[in-house]
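Enquirer: Pasting a structure here, questions to come.
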Amino acid sequence: MKLEVMVLPVSDVDRAKDFYTNLGWREDADLTTGDDFRVVQLTPPGSPCSVIFGTGVTSTPPGSAKGLHLVVDDIDAACAELADHGVRMSQVFHDSGGLFHHADSKARVSGPAPDHESYGSFASFDDPDGNGWFLQEITHRLPGR
């Protein structure tokens, strides 16, 4: 089994499509069967998993997807690149306990994990609807990953 697609709830399909394609995400599909059904599928560069959004594809409220993660090998460079595309980025942070970040900003420490320890540095941003994304820096993968 492998994760192939995530569904994003958005309010304006064209605005969402513009946002993500501006980030360099590949358009895989933009299909419609009428005014009540449209599917847009986009894939982040280098990712085997895509996102789908559109009209009639989810009943979840727009902006309610939280905790979506994009893996990067250089968090500072990724933040700078996204900011160059107009994305409002958080500061780079790590968790005070050295583990995965908390659901809110509790226990966040400004700056990357000590020595940029793999899996430990994060930054966040929201899409135009408020769907919440995290960047996670992974420089060395755990065995079997």
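Labels for the structure tokens follow display order: chains A, B, ..., residues from 1 in each chain, ligands from 1.
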Applying 8 Å and only C-alpha atoms, which residues near A:Ile52 remain after dropping the ones on its own chain fewer than 5 positions away? List them as JSON, numbers by chain.

Expert: {"A": [5, 6, 7, 8, 39, 40, 41, 42]}

Enquirer: Report as a list in words all protein, DNA and RNA residues lying within 7 Å of A:Cys49, evaluated on only C-alpha atoms, omitting residues in the same chain fewer than 4 positions from it.

Expert: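 Here the qualifying residues turn out to be Leu3, Glu4, Val5 and Thr43 of chain A.
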
Enquirer: Give the strand (DSSP E) residues of stretch 38-112 of chain A, as DSSP finds them on the backbone, and put them as an NGL selection string.

Expert: :A and (38-43 or 50-55 or 68-72 or 93-95 or 108-110)

Enquirer: What's the 6 Å shell around stretch 129-141 of chain A, counting only C-alpha atoms, without same-chain residues fewer than 5 positions away, as a VMD selection string?

Expert: chain A and resid 63 to 73 75 118 to 119 121 to 124

Enquirer: Excluding stretch 26-29 of chain A and residues on its chain fewer than 2 positions from it, collect all residues at most 10 Å away from it, counting only C-alpha atoms, and give them as an MDAnalysis selection string.

Expert: chainID A and resid 17 20:24 31:32 38:46 50:52

Enquirer: Counting only C-alpha atoms, figure out which residue out of A:Arg15, A:His85, A:His101, A:Arg108 gets nearest to A:Pro128.

Expert: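 Checking each of A:Arg15, A:His85, A:His101, A:Arg108 against A:Pro128, counting only C-alpha atoms, the winner is A:Arg15.
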
Enquirer: Please give the complete set of residues from chain A that DSSP, run on the backbone, assigns to helix (DSSP H, G or I), formatted as a PyMOL selection string.

Expert: chain A and resi 13-22+75-84+114-116

Enquirer: Just the selected residues (N, CA, C and O atoms), exported as a short mmCIF file (atom, residue, chain, number, x, y, z; two decimals), in the first residue's frame, please.

Expert:
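What follows is the written file result-v9.cif:
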```
data_model
loop_
_atom_site.label_atom_id
_atom_site.label_comp_id
_atom_site.auth_asym_id
_atom_site.auth_seq_id
_atom_site.Cartn_x
_atom_site.Cartn_y
_atom_site.Cartn_z
N VAL A 13 -11.69 27.03 -6.81
CA VAL A 13 -10.83 26.07 -7.49
C VAL A 13 -9.74 26.76 -8.30
O VAL A 13 -8.57 26.38 -8.24
N ASP A 14 -10.09 27.78 -9.04
CA ASP A 14 -9.09 28.47 -9.86
C ASP A 14 -8.04 29.18 -9.02
O ASP A 14 -6.86 29.16 -9.35
N ARG A 15 -8.46 29.79 -7.92
CA ARG A 15 -7.50 30.46 -7.03
C ARG A 15 -6.53 29.42 -6.45
O ARG A 15 -5.32 29.65 -6.40
N ALA A 16 -7.06 28.28 -6.01
CA ALA A 16 -6.20 27.23 -5.46
C ALA A 16 -5.25 26.70 -6.53
O ALA A 16 -4.06 26.50 -6.28
N LYS A 17 -5.77 26.48 -7.72
CA LYS A 17 -4.93 25.99 -8.82
C LYS A 17 -3.80 26.98 -9.11
O LYS A 17 -2.64 26.58 -9.26
N ASP A 18 -4.12 28.25 -9.17
CA ASP A 18 -3.10 29.28 -9.40
C ASP A 18 -2.04 29.27 -8.30
O ASP A 18 -0.84 29.38 -8.56
N PHE A 19 -2.49 29.16 -7.04
CA PHE A 19 -1.56 29.16 -5.91
C PHE A 19 -0.56 28.01 -6.02
O PHE A 19 0.65 28.21 -5.94
N TYR A 20 -1.07 26.80 -6.21
CA TYR A 20 -0.19 25.64 -6.22
C TYR A 20 0.66 25.54 -7.49
O TYR A 20 1.83 25.16 -7.41
N THR A 21 0.12 25.90 -8.63
CA THR A 21 0.95 25.86 -9.85
C THR A 21 2.03 26.94 -9.78
O THR A 21 3.13 26.74 -10.31
N ASN A 22 1.75 28.06 -9.11
CA ASN A 22 2.77 29.09 -8.91
C ASN A 22 3.94 28.57 -8.07
O ASN A 22 5.05 29.08 -8.17
N ILE A 75 15.74 23.23 4.67
CA ILE A 75 14.56 24.00 5.06
C ILE A 75 14.72 25.49 4.80
O ILE A 75 13.77 26.17 4.40
N ASP A 76 15.94 26.01 4.99
CA ASP A 76 16.15 27.44 4.74
C ASP A 76 15.96 27.77 3.26
O ASP A 76 15.30 28.75 2.91
N ALA A 77 16.51 26.95 2.39
CA ALA A 77 16.37 27.17 0.95
C ALA A 77 14.91 27.01 0.52
O ALA A 77 14.40 27.79 -0.29
N ALA A 78 14.21 26.02 1.06
CA ALA A 78 12.81 25.79 0.71
C ALA A 78 11.94 26.97 1.16
O ALA A 78 11.06 27.41 0.42
N CYS A 79 12.19 27.48 2.35
CA CYS A 79 11.43 28.64 2.83
C CYS A 79 11.68 29.85 1.95
O CYS A 79 10.74 30.58 1.61
N ALA A 80 12.93 30.07 1.59
CA ALA A 80 13.26 31.21 0.73
C ALA A 80 12.59 31.07 -0.63
O ALA A 80 12.04 32.04 -1.17
N GLU A 81 12.59 29.86 -1.19
CA GLU A 81 11.96 29.64 -2.49
C GLU A 81 10.45 29.89 -2.43
O GLU A 81 9.89 30.55 -3.30
N LEU A 82 9.79 29.38 -1.40
CA LEU A 82 8.36 29.60 -1.26
C LEU A 82 8.05 31.08 -1.05
O LEU A 82 7.10 31.62 -1.63
N ALA A 83 8.86 31.75 -0.24
CA ALA A 83 8.67 33.18 -0.02
C ALA A 83 8.83 33.96 -1.33
O ALA A 83 8.10 34.92 -1.58
N ASP A 84 9.77 33.54 -2.17
CA ASP A 84 9.96 34.17 -3.48
C ASP A 84 8.73 34.03 -4.36
O ASP A 84 8.51 34.81 -5.27
N PRO A 114 18.96 21.64 16.58
CA PRO A 114 20.42 21.69 16.74
C PRO A 114 21.11 20.83 15.68
O PRO A 114 20.70 19.70 15.42
N ASP A 115 22.12 21.42 15.05
CA ASP A 115 22.88 20.76 13.98
C ASP A 115 21.99 20.31 12.82
O ASP A 115 22.34 19.39 12.09
N HIS A 116 20.81 20.96 12.67
CA HIS A 116 19.85 20.58 11.62
C HIS A 116 19.57 19.08 11.67
O HIS A 116 19.49 18.41 10.64
#
```
